[in-house]
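S.K.: Contents of structure_37.cif (mmCIF, C-alpha atoms) are given next:
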```cif
data_target
loop_
_atom_site.label_atom_id
_atom_site.label_comp_id
_atom_site.auth_asym_id
_atom_site.auth_seq_id
_atom_site.Cartn_x
_atom_site.Cartn_y
_atom_site.Cartn_z
CA MET B 1 -5.65 25.94 -11.28
CA ALA B 2 -3.71 22.69 -11.17
CA THR B 3 -5.65 19.44 -11.56
CA VAL B 4 -4.50 16.04 -10.35
CA LEU B 5 -5.72 12.49 -10.93
CA SER B 6 -5.90 10.14 -7.95
CA THR B 7 -5.71 6.41 -8.76
CA LYS B 8 -7.66 5.75 -5.56
CA LYS B 9 -10.96 7.30 -4.49
CA LEU B 10 -10.32 9.60 -1.54
CA SER B 11 -12.31 10.18 1.62
CA VAL B 12 -14.30 13.39 2.06
CA SER B 13 -11.67 14.84 4.43
CA GLN B 14 -8.83 13.93 2.04
CA LYS B 15 -10.63 15.59 -0.89
CA GLN B 16 -11.19 18.69 1.21
CA LEU B 17 -7.43 19.07 1.72
CA LEU B 18 -7.03 19.37 -2.06
CA LEU B 19 -10.10 21.45 -2.80
CA GLY B 20 -9.27 23.79 0.10
CA ALA B 21 -5.90 24.38 -1.56
CA LYS B 22 -7.70 25.15 -4.85
CA ILE B 23 -6.42 22.02 -6.57
CA GLY B 24 -8.76 20.27 -8.99
CA LEU B 25 -9.32 16.54 -8.51
CA VAL B 26 -10.32 13.66 -10.75
CA GLU B 27 -10.41 10.26 -9.03
CA TYR B 28 -11.05 6.59 -9.74
CA ASN B 29 -10.08 3.23 -8.27
CA ALA B 30 -7.29 1.78 -10.42
CA ILE B 31 -7.59 -1.52 -8.58
CA ASN B 32 -10.40 -3.59 -7.07
CA ILE B 33 -9.99 -5.60 -3.86
CA GLU B 34 -11.94 -8.80 -3.19
CA PHE B 35 -11.67 -10.69 0.09
CA ILE B 36 -11.46 -14.45 -0.49
CA PRO B 37 -12.07 -17.55 1.66
CA PHE B 38 -8.98 -18.98 3.32
CA SER B 39 -8.16 -22.05 5.35
CA SER B 40 -10.70 -22.24 8.17
CA ASN B 41 -8.24 -23.97 10.52
CA ILE B 42 -6.32 -20.69 10.92
CA ASP B 43 -8.12 -19.09 13.84
CA LEU B 44 -5.03 -18.02 15.78
CA ALA B 45 -1.86 -16.29 14.54
CA GLU B 46 0.78 -15.90 17.23
CA ASN B 47 2.93 -13.69 14.98
CA ALA B 48 1.01 -12.16 12.08
CA ILE B 49 2.69 -10.25 9.26
CA ILE B 50 0.26 -7.61 7.98
CA THR B 51 1.51 -5.43 5.12
CA SER B 52 -1.73 -3.60 4.26
CA LYS B 53 -5.09 -2.56 5.68
CA ASN B 54 -6.74 -4.89 3.16
CA ALA B 55 -4.95 -7.90 4.61
CA PHE B 56 -6.21 -7.06 8.09
CA LYS B 57 -9.76 -6.30 6.97
CA ALA B 58 -9.88 -9.68 5.18
CA ILE B 59 -9.14 -11.57 8.42
CA GLN B 60 -10.74 -9.23 10.94
CA ASP B 61 -13.16 -11.11 13.24
CA LYS B 62 -11.94 -14.43 11.75
CA VAL B 63 -8.41 -14.74 13.14
CA LYS B 64 -7.13 -13.88 16.60
CA ILE B 65 -3.74 -12.15 16.38
CA GLU B 66 -1.43 -12.25 19.39
CA LYS B 67 1.32 -10.03 17.97
CA ALA B 68 1.43 -8.14 14.68
CA PHE B 69 4.38 -7.19 12.48
CA VAL B 70 3.12 -4.37 10.31
CA VAL B 71 3.94 -2.23 7.28
CA GLY B 72 2.67 1.36 7.53
CA SER B 73 1.65 3.61 10.41
CA LYS B 74 -1.98 3.75 9.21
CA THR B 75 -2.25 -0.05 9.20
CA ALA B 76 -0.61 -0.16 12.64
CA ALA B 77 -3.12 2.40 13.93
CA LEU B 78 -6.01 0.29 12.61
CA LEU B 79 -4.70 -2.78 14.44
CA LYS B 80 -4.19 -0.80 17.66
CA GLU B 81 -7.82 0.37 17.43
CA ASN B 82 -8.71 -3.34 17.48
CA ASP B 83 -6.56 -3.96 20.59
CA ILE B 84 -3.86 -5.91 18.75
CA GLU B 85 -0.32 -5.71 20.08
CA ILE B 86 2.18 -4.33 17.55
CA ALA B 87 5.60 -5.99 17.85
CA GLU B 88 7.26 -4.20 14.92
CA VAL B 89 6.24 -1.53 12.42
CA ALA B 90 8.15 -0.36 9.34
CA ASP B 91 7.57 1.94 6.38
CA ASN B 92 8.01 -0.88 3.84
CA ALA B 93 8.18 -4.68 3.62
CA THR B 94 11.95 -4.81 3.13
CA VAL B 95 12.63 -2.94 6.37
CA LEU B 96 10.02 -5.04 8.21
CA ALA B 97 11.76 -8.23 7.04
CA GLU B 98 15.08 -6.85 8.32
CA LYS B 99 13.54 -6.15 11.74
CA ILE B 100 12.05 -9.65 11.91
CA ILE B 101 15.39 -11.25 10.95
CA GLU B 102 17.31 -9.14 13.45
CA ASN B 103 14.96 -9.35 16.44
CA HIS B 104 12.65 -12.37 15.96
CA GLN B 105 14.68 -14.93 14.02
CA ASN B 106 13.39 -17.99 15.92
CA LYS B 107 9.66 -17.29 15.84
CA HIS B 108 7.10 -18.73 13.41
CA PHE B 109 5.07 -16.23 11.37
CA THR B 110 1.82 -16.18 9.42
CA PHE B 111 2.00 -13.79 6.45
CA PHE B 112 -1.50 -12.67 5.40
CA CYS B 113 -1.30 -11.27 1.88
CA GLY B 114 -2.95 -10.66 -1.48
CA ASN B 115 -2.44 -12.43 -4.79
CA LYS B 116 -0.21 -9.61 -6.07
CA ARG B 117 2.01 -9.40 -3.02
CA ARG B 118 5.62 -8.31 -3.51
CA ASP B 119 8.45 -10.84 -3.32
CA GLU B 120 10.90 -8.91 -1.13
CA LEU B 121 9.67 -9.92 2.32
CA PRO B 122 9.16 -13.68 1.76
CA LEU B 123 12.48 -13.92 -0.11
CA GLN B 124 14.37 -12.23 2.71
CA LEU B 125 12.76 -14.50 5.32
CA LYS B 126 13.52 -17.63 3.27
CA GLN B 127 17.15 -16.60 2.79
CA LYS B 128 17.59 -16.31 6.57
CA GLN B 129 15.55 -19.48 7.22
CA VAL B 130 12.86 -17.72 9.22
CA SER B 131 9.84 -20.02 9.62
CA PHE B 132 6.63 -18.66 8.07
CA GLU B 133 3.51 -19.68 6.20
CA GLU B 134 1.81 -17.56 3.58
CA VAL B 135 -1.98 -17.22 3.53
CA GLU B 136 -3.68 -15.47 0.61
CA VAL B 137 -6.72 -13.61 1.91
CA TYR B 138 -7.60 -11.13 -0.84
CA LYS B 139 -7.32 -10.67 -4.58
CA THR B 140 -6.31 -7.50 -6.39
CA SER B 141 -7.65 -7.00 -9.90
CA LEU B 142 -6.84 -4.12 -12.24
CA ASN B 143 -9.57 -1.66 -13.17
CA PHE B 144 -8.58 -0.25 -16.57
CA ALA B 145 -9.62 3.30 -17.47
CA GLU B 146 -8.39 5.61 -20.22
CA PHE B 147 -8.11 9.37 -19.69
CA LYS B 148 -8.02 11.90 -22.54
CA GLN B 149 -7.50 14.83 -20.17
CA GLU B 150 -3.99 15.96 -19.29
CA PHE B 151 -3.19 16.32 -15.58
CA ASP B 152 -0.57 18.26 -13.67
CA GLY B 153 -0.01 15.34 -11.31
CA VAL B 154 -1.03 11.70 -10.92
CA LEU B 155 -1.26 10.14 -7.45
CA PHE B 156 -0.14 6.51 -7.04
CA PHE B 157 -0.65 4.29 -3.98
CA SER B 158 0.57 0.83 -5.00
CA PRO B 159 2.54 -0.98 -7.72
CA SER B 160 -0.73 -2.58 -8.88
CA GLY B 161 -2.27 0.87 -9.28
CA VAL B 162 0.76 1.93 -11.33
CA GLU B 163 0.38 -1.13 -13.57
CA SER B 164 -3.33 -0.46 -14.02
CA TYR B 165 -2.93 3.23 -14.91
CA PHE B 166 -0.06 2.76 -17.38
CA SER B 167 -1.80 -0.11 -19.18
CA LYS B 168 -4.06 2.52 -20.81
CA ASN B 169 -2.36 5.88 -20.22
CA LYS B 170 0.88 7.82 -20.45
CA ILE B 171 1.92 10.44 -17.93
CA GLY B 172 3.44 13.03 -20.28
CA GLU B 173 4.72 16.10 -18.45
CA ALA B 174 2.73 15.37 -15.28
CA THR B 175 4.44 14.65 -11.96
CA ALA B 176 3.93 11.22 -10.39
CA LEU B 177 3.25 11.53 -6.65
CA CYS B 178 3.90 8.23 -4.87
CA ILE B 179 2.98 6.90 -1.44
CA GLY B 180 6.30 5.11 -0.89
CA THR B 181 9.52 3.77 -2.36
CA THR B 182 8.02 0.49 -3.64
CA THR B 183 5.42 2.40 -5.65
CA GLU B 184 8.10 4.89 -6.73
CA ASN B 185 10.25 2.06 -8.11
CA SER B 186 7.32 0.86 -10.22
CA VAL B 187 6.76 4.38 -11.62
CA LYS B 188 10.43 4.86 -12.55
CA LYS B 189 9.88 2.69 -15.65
CA TYR B 190 7.59 5.40 -17.05
CA THR B 191 8.90 8.75 -15.82
CA LYS B 192 11.68 10.38 -13.82
CA ASN B 193 9.40 13.22 -12.73
CA ILE B 194 8.50 11.76 -9.32
CA ILE B 195 7.79 13.06 -5.81
CA THR B 196 7.53 10.48 -3.02
CA ALA B 197 5.75 11.01 0.29
CA THR B 198 7.95 11.40 3.37
CA GLN B 199 5.55 9.10 5.27
CA PRO B 200 3.65 6.23 3.61
CA SER B 201 0.12 7.62 3.98
CA ILE B 202 -2.51 9.05 1.65
CA GLU B 203 -2.52 12.26 3.68
CA ASN B 204 1.21 12.72 3.17
CA VAL B 205 0.83 12.23 -0.58
CA ILE B 206 -1.77 15.00 -0.48
CA VAL B 207 0.65 17.19 1.54
CA GLN B 208 3.18 16.80 -1.29
CA VAL B 209 0.51 17.70 -3.87
CA VAL B 210 -0.44 20.86 -1.96
CA LYS B 211 3.22 21.85 -1.55
CA LYS B 212 3.79 21.52 -5.28
CA TYR B 213 0.59 22.98 -6.74
CA ASN B 214 -0.83 25.39 -4.18
CA LYS B 215 1.37 28.15 -5.62
CA TYR B 216 -0.45 28.05 -8.96
#
```
Would you mind writing the structure in this file as structure tokens?
M.R.:
Amino acid sequence: MATVLSTKKLSVSQKQLLLGAKIGLVEYNAINIEFIPFSSNIDLAENAIITSKNAFKAIQDKVKIEKAFVVGSKTAALLKENDIEIAEVADNATVLAEKIIENHQNKHFTFFCGNKRRDELPLQLKQKQVSFEEVEVYKTSLNFAEFKQEFDGVLFFSPSGVESYFSKNKIGEATALCIGTTTENSVKKYTKNIITATQPSIENVIVQVVKKYNKY
């Protein structure tokens, strides 16, 4: 039986997808998320850039969002559940920035982010002189853990998770299974044996795991 390591603790239903396919699972949280206080005078965001569920959860019930510009279908679904209008959605921050530049050049944006946010989106907006302010609403810290066991696959969900895992571990012959291209690019420094999800969701990473290992 194949065994994989998830660098994020999975929900019961997500675990069941693996265990039902007779794939062994070891899991831990490679990163910790802490919501932090932010400027109390931000109670309304006409155009909010939300690139993760954590960013939304950090401001939920504190900031009224008129329109949201979102990375990831799961994050978009969470905002829709909270009756927030989605103006644009993209699979990654680079594509979202391109949509904003192409379709919303003259608007002002509030970018809610974490302390380890990627540079691509703000750089693209600055280059095209799109007006935005950046508000840090959560902190990501690395949770170091060392594993002696060898795994058939390791599941990665963010560049920070990649950094955390590889600070104490190597991947050897295992396959890295990544949630998206940004995470994939971080893993490429350590291995070329990579499979990337066709949609940026945890469930789709698990689909790739089952496709690869269910034949064992």
S.K.: Applying the PyMOL selection byres ((chain B and resi 182) around 8) to the file I just gave you, which residues come out? Please list them as a ChimeraX atom specification.
M.R.: /B:92,158-159,180-181,183-186
S.K.: May I ask which of the residues B:Ile31, B:Ile23, B:Ile171, B:Cys113 is the closest one to Lys8 in chain B, counting all atoms listed in the file?
M.R.: B:Ile31
S.K.: Excluding same-chain residues fewer than 3 positions from Ser164 in chain B, what lies within 6 Å of it counting all atoms listed in the file, as an MDAnalysis selection string?
M.R.: chainID B and resid 30 142 144 161 167
S.K.: Mind writing the picked residues with C-alpha atoms as a PDB file, in the coordinates of the input?
M.R.:
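Result went into again-v2.pdb, see below:
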```
ATOM      1  CA  ALA B  30      -7.290   1.780 -10.420  1.00  0.00           C
ATOM      2  CA  LEU B 142      -6.840  -4.120 -12.240  1.00  0.00           C
ATOM      3  CA  PHE B 144      -8.580  -0.250 -16.570  1.00  0.00           C
ATOM      4  CA  GLY B 161      -2.270   0.870  -9.280  1.00  0.00           C
ATOM      5  CA  SER B 167      -1.800  -0.110 -19.180  1.00  0.00           C
TER       6      SER B 167
END
```
S.K.: Which residues come within 7 Å of Thr94 in chain B, counting only C-alpha atoms, excluding same-chain residues fewer than 3 positions away, as a CSV table (one decimal) with C-alpha atoms, keeping the file's coordinate frame?
M.R.:
```
chain,number,residue,atom,x,y,z
B,97,ALA,CA,11.8,-8.2,7.0
B,98,GLU,CA,15.1,-6.8,8.3
B,120,GLU,CA,10.9,-8.9,-1.1
B,121,LEU,CA,9.7,-9.9,2.3
```
S.K.: Please write the residues picked by the PyMOL selection byres ((chain B and resi 204-207) around 10) on this file as a list in words.
M.R.: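 What the PyMOL selection byres ((chain B and resi 204-207) around 10) grabs from the file is Ser6, Gln14, Lys15, Leu17, Leu18, Leu155, Phe156, Phe157, Leu177, Cys178, Ile179, Gly180, Ile195, Thr196, Ala197, Thr198, Gln199, Pro200, Ser201, Ile202, Glu203, Gln208, Val209, Val210, Lys211 and Lys212 of chain B.
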S.K.: Where does range 2-63 of chain B meet range 72-78 of chain B within 9 Å, residue by residue, with the nearest atom pair and distance in Å to one decimal for each, counting only C-alpha atoms, listed by chain and rising number, as JSON lines?
M.R.:
```
{"residue": "B:Ile50", "atom": "CA", "partner": "B:Thr75", "partner_atom": "CA", "distance": 8.1}
{"residue": "B:Thr51", "atom": "CA", "partner": "B:Gly72", "partner_atom": "CA", "distance": 7.3}
{"residue": "B:Ser52", "atom": "CA", "partner": "B:Thr75", "partner_atom": "CA", "distance": 6.1}
{"residue": "B:Lys53", "atom": "CA", "partner": "B:Thr75", "partner_atom": "CA", "distance": 5.2}
{"residue": "B:Asn54", "atom": "CA", "partner": "B:Thr75", "partner_atom": "CA", "distance": 8.9}
{"residue": "B:Phe56", "atom": "CA", "partner": "B:Thr75", "partner_atom": "CA", "distance": 8.1}
```
S.K.: Do you know which residues lie at most 12 Å from (10.8, -5.4, 17.7), with coordinates as in the file and all atoms listed in the file counted, and could you write them as an NGL selection string?
M.R.: :B and (47 or 67-70 or 85-90 or 95-105)
S.K.: Choose the residue, out of B:Ile42, B:Leu5, B:Val135, B:Leu10, that has the smallest atom-to-atom separation from Phe111 in chain B; count all atoms listed in the file.
M.R.: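 Counting all atoms listed in the file, the residue closest to Phe111 in chain B is B:Val135.
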S.K.: Please list as an MDAnalysis selection string every residue within 8 Å of Asn29 in chain B, counting only C-alpha atoms and excluding residues in the same chain fewer than 5 positions away.
M.R.: chainID B and resid 7:9 143
S.K.: Between CA of Lys139 in chain B and CA of Lys57 in chain B, what is the distance in Å, rounded to a tenth?
M.R.: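 That distance, rounded to one decimal, is 12.6 Å.
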S.K.: Since the input is missing atoms for range 122-133 of chain B, could you rebuild it with all heavy atoms and give the result as a PDB file, in the frame of the given file?
M.R.:
```pdb
ATOM      1  N   PRO B 122       8.994 -12.222   1.654  1.00  0.00           N
ATOM      2  CA  PRO B 122       9.160 -13.680   1.760  1.00  0.00           C
ATOM      3  C   PRO B 122      10.543 -14.166   1.326  1.00  0.00           C
ATOM      4  O   PRO B 122      11.086 -15.103   1.917  1.00  0.00           O
ATOM      5  CB  PRO B 122       8.062 -14.246   0.854  1.00  0.00           C
ATOM      6  CG  PRO B 122       7.540 -13.104   0.071  1.00  0.00           C
ATOM      7  CD  PRO B 122       7.828 -11.867   0.829  1.00  0.00           C
ATOM      8  N   LEU B 123      11.127 -13.519   0.316  1.00  0.00           N
ATOM      9  CA  LEU B 123      12.480 -13.920  -0.110  1.00  0.00           C
ATOM     10  C   LEU B 123      13.506 -13.693   0.982  1.00  0.00           C
ATOM     11  O   LEU B 123      14.360 -14.553   1.238  1.00  0.00           O
ATOM     12  CB  LEU B 123      12.885 -13.143  -1.380  1.00  0.00           C
ATOM     13  CG  LEU B 123      12.318 -13.649  -2.702  1.00  0.00           C
ATOM     14  CD1 LEU B 123      12.744 -12.734  -3.839  1.00  0.00           C
ATOM     15  CD2 LEU B 123      12.747 -15.083  -2.987  1.00  0.00           C
ATOM     16  N   GLN B 124      13.423 -12.530   1.631  1.00  0.00           N
ATOM     17  CA  GLN B 124      14.370 -12.230   2.710  1.00  0.00           C
ATOM     18  C   GLN B 124      14.227 -13.226   3.864  1.00  0.00           C
ATOM     19  O   GLN B 124      15.223 -13.692   4.418  1.00  0.00           O
ATOM     20  CB  GLN B 124      14.144 -10.802   3.235  1.00  0.00           C
ATOM     21  CG  GLN B 124      14.689  -9.718   2.326  1.00  0.00           C
ATOM     22  CD  GLN B 124      14.263  -8.337   2.803  1.00  0.00           C
ATOM     23  OE1 GLN B 124      13.186  -7.861   2.487  1.00  0.00           O
ATOM     24  NE2 GLN B 124      15.104  -7.704   3.592  1.00  0.00           N
ATOM     25  N   LEU B 125      12.983 -13.556   4.222  1.00  0.00           N
ATOM     26  CA  LEU B 125      12.760 -14.500   5.320  1.00  0.00           C
ATOM     27  C   LEU B 125      13.279 -15.894   4.956  1.00  0.00           C
ATOM     28  O   LEU B 125      13.900 -16.572   5.789  1.00  0.00           O
ATOM     29  CB  LEU B 125      11.280 -14.551   5.687  1.00  0.00           C
ATOM     30  CG  LEU B 125      10.648 -13.249   6.211  1.00  0.00           C
ATOM     31  CD1 LEU B 125       9.219 -13.497   6.660  1.00  0.00           C
ATOM     32  CD2 LEU B 125      11.464 -12.636   7.340  1.00  0.00           C
ATOM     33  N   LYS B 126      13.028 -16.306   3.706  1.00  0.00           N
ATOM     34  CA  LYS B 126      13.520 -17.630   3.270  1.00  0.00           C
ATOM     35  C   LYS B 126      15.041 -17.693   3.299  1.00  0.00           C
ATOM     36  O   LYS B 126      15.632 -18.689   3.733  1.00  0.00           O
ATOM     37  CB  LYS B 126      13.024 -17.922   1.843  1.00  0.00           C
ATOM     38  CG  LYS B 126      11.596 -18.412   1.777  1.00  0.00           C
ATOM     39  CD  LYS B 126      11.146 -18.590   0.337  1.00  0.00           C
ATOM     40  CE  LYS B 126       9.653 -18.883   0.261  1.00  0.00           C
ATOM     41  NZ  LYS B 126       9.131 -18.816  -1.109  1.00  0.00           N
ATOM     42  N   GLN B 127      15.680 -16.625   2.835  1.00  0.00           N
ATOM     43  CA  GLN B 127      17.150 -16.600   2.790  1.00  0.00           C
ATOM     44  C   GLN B 127      17.756 -16.753   4.178  1.00  0.00           C
ATOM     45  O   GLN B 127      18.823 -17.351   4.334  1.00  0.00           O
ATOM     46  CB  GLN B 127      17.628 -15.294   2.138  1.00  0.00           C
ATOM     47  CG  GLN B 127      17.465 -15.274   0.633  1.00  0.00           C
ATOM     48  CD  GLN B 127      17.692 -13.886   0.045  1.00  0.00           C
ATOM     49  OE1 GLN B 127      17.916 -12.909   0.758  1.00  0.00           O
ATOM     50  NE2 GLN B 127      17.616 -13.791  -1.284  1.00  0.00           N
ATOM     51  N   LYS B 128      17.086 -16.229   5.188  1.00  0.00           N
ATOM     52  CA  LYS B 128      17.590 -16.310   6.570  1.00  0.00           C
ATOM     53  C   LYS B 128      16.928 -17.433   7.358  1.00  0.00           C
ATOM     54  O   LYS B 128      17.087 -17.528   8.569  1.00  0.00           O
ATOM     55  CB  LYS B 128      17.372 -14.971   7.284  1.00  0.00           C
ATOM     56  CG  LYS B 128      18.144 -13.817   6.656  1.00  0.00           C
ATOM     57  CD  LYS B 128      19.654 -14.031   6.730  1.00  0.00           C
ATOM     58  CE  LYS B 128      20.406 -12.843   6.150  1.00  0.00           C
ATOM     59  NZ  LYS B 128      21.859 -13.018   6.210  1.00  0.00           N
ATOM     60  N   GLN B 129      16.181 -18.279   6.636  1.00  0.00           N
ATOM     61  CA  GLN B 129      15.550 -19.480   7.220  1.00  0.00           C
ATOM     62  C   GLN B 129      14.622 -19.153   8.397  1.00  0.00           C
ATOM     63  O   GLN B 129      14.581 -19.873   9.390  1.00  0.00           O
ATOM     64  CB  GLN B 129      16.637 -20.499   7.634  1.00  0.00           C
ATOM     65  CG  GLN B 129      17.446 -20.965   6.441  1.00  0.00           C
ATOM     66  CD  GLN B 129      18.552 -21.947   6.817  1.00  0.00           C
ATOM     67  OE1 GLN B 129      19.196 -21.784   7.842  1.00  0.00           O
ATOM     68  NE2 GLN B 129      18.761 -22.942   5.984  1.00  0.00           N
ATOM     69  N   VAL B 130      13.894 -18.059   8.245  1.00  0.00           N
ATOM     70  CA  VAL B 130      12.860 -17.720   9.220  1.00  0.00           C
ATOM     71  C   VAL B 130      11.605 -18.525   8.860  1.00  0.00           C
ATOM     72  O   VAL B 130      11.184 -18.559   7.704  1.00  0.00           O
ATOM     73  CB  VAL B 130      12.547 -16.209   9.212  1.00  0.00           C
ATOM     74  CG1 VAL B 130      11.385 -15.884  10.139  1.00  0.00           C
ATOM     75  CG2 VAL B 130      13.782 -15.405   9.604  1.00  0.00           C
ATOM     76  N   SER B 131      11.015 -19.162   9.847  1.00  0.00           N
ATOM     77  CA  SER B 131       9.840 -20.020   9.620  1.00  0.00           C
ATOM     78  C   SER B 131       8.590 -19.158   9.421  1.00  0.00           C
ATOM     79  O   SER B 131       8.272 -18.310  10.255  1.00  0.00           O
ATOM     80  CB  SER B 131       9.659 -20.948  10.826  1.00  0.00           C
ATOM     81  OG  SER B 131       8.429 -21.639  10.722  1.00  0.00           O
ATOM     82  N   PHE B 132       7.890 -19.388   8.290  1.00  0.00           N
ATOM     83  CA  PHE B 132       6.630 -18.660   8.070  1.00  0.00           C
ATOM     84  C   PHE B 132       5.748 -19.430   7.094  1.00  0.00           C
ATOM     85  O   PHE B 132       6.220 -20.247   6.307  1.00  0.00           O
ATOM     86  CB  PHE B 132       6.894 -17.243   7.538  1.00  0.00           C
ATOM     87  CG  PHE B 132       7.349 -17.179   6.103  1.00  0.00           C
ATOM     88  CD1 PHE B 132       6.448 -16.919   5.070  1.00  0.00           C
ATOM     89  CD2 PHE B 132       8.685 -17.379   5.774  1.00  0.00           C
ATOM     90  CE1 PHE B 132       6.867 -16.866   3.750  1.00  0.00           C
ATOM     91  CE2 PHE B 132       9.115 -17.317   4.450  1.00  0.00           C
ATOM     92  CZ  PHE B 132       8.206 -17.060   3.443  1.00  0.00           C
ATOM     93  N   GLU B 133       4.459 -19.176   7.192  1.00  0.00           N
ATOM     94  CA  GLU B 133       3.510 -19.680   6.200  1.00  0.00           C
ATOM     95  C   GLU B 133       2.796 -18.489   5.574  1.00  0.00           C
ATOM     96  O   GLU B 133       2.588 -17.467   6.227  1.00  0.00           O
ATOM     97  CB  GLU B 133       2.504 -20.645   6.820  1.00  0.00           C
ATOM     98  CG  GLU B 133       1.591 -20.019   7.864  1.00  0.00           C
ATOM     99  CD  GLU B 133       0.592 -21.004   8.431  1.00  0.00           C
ATOM    100  OE1 GLU B 133       0.026 -21.789   7.646  1.00  0.00           O
ATOM    101  OE2 GLU B 133       0.370 -20.977   9.660  1.00  0.00           O
TER     102      GLU B 133
END
```
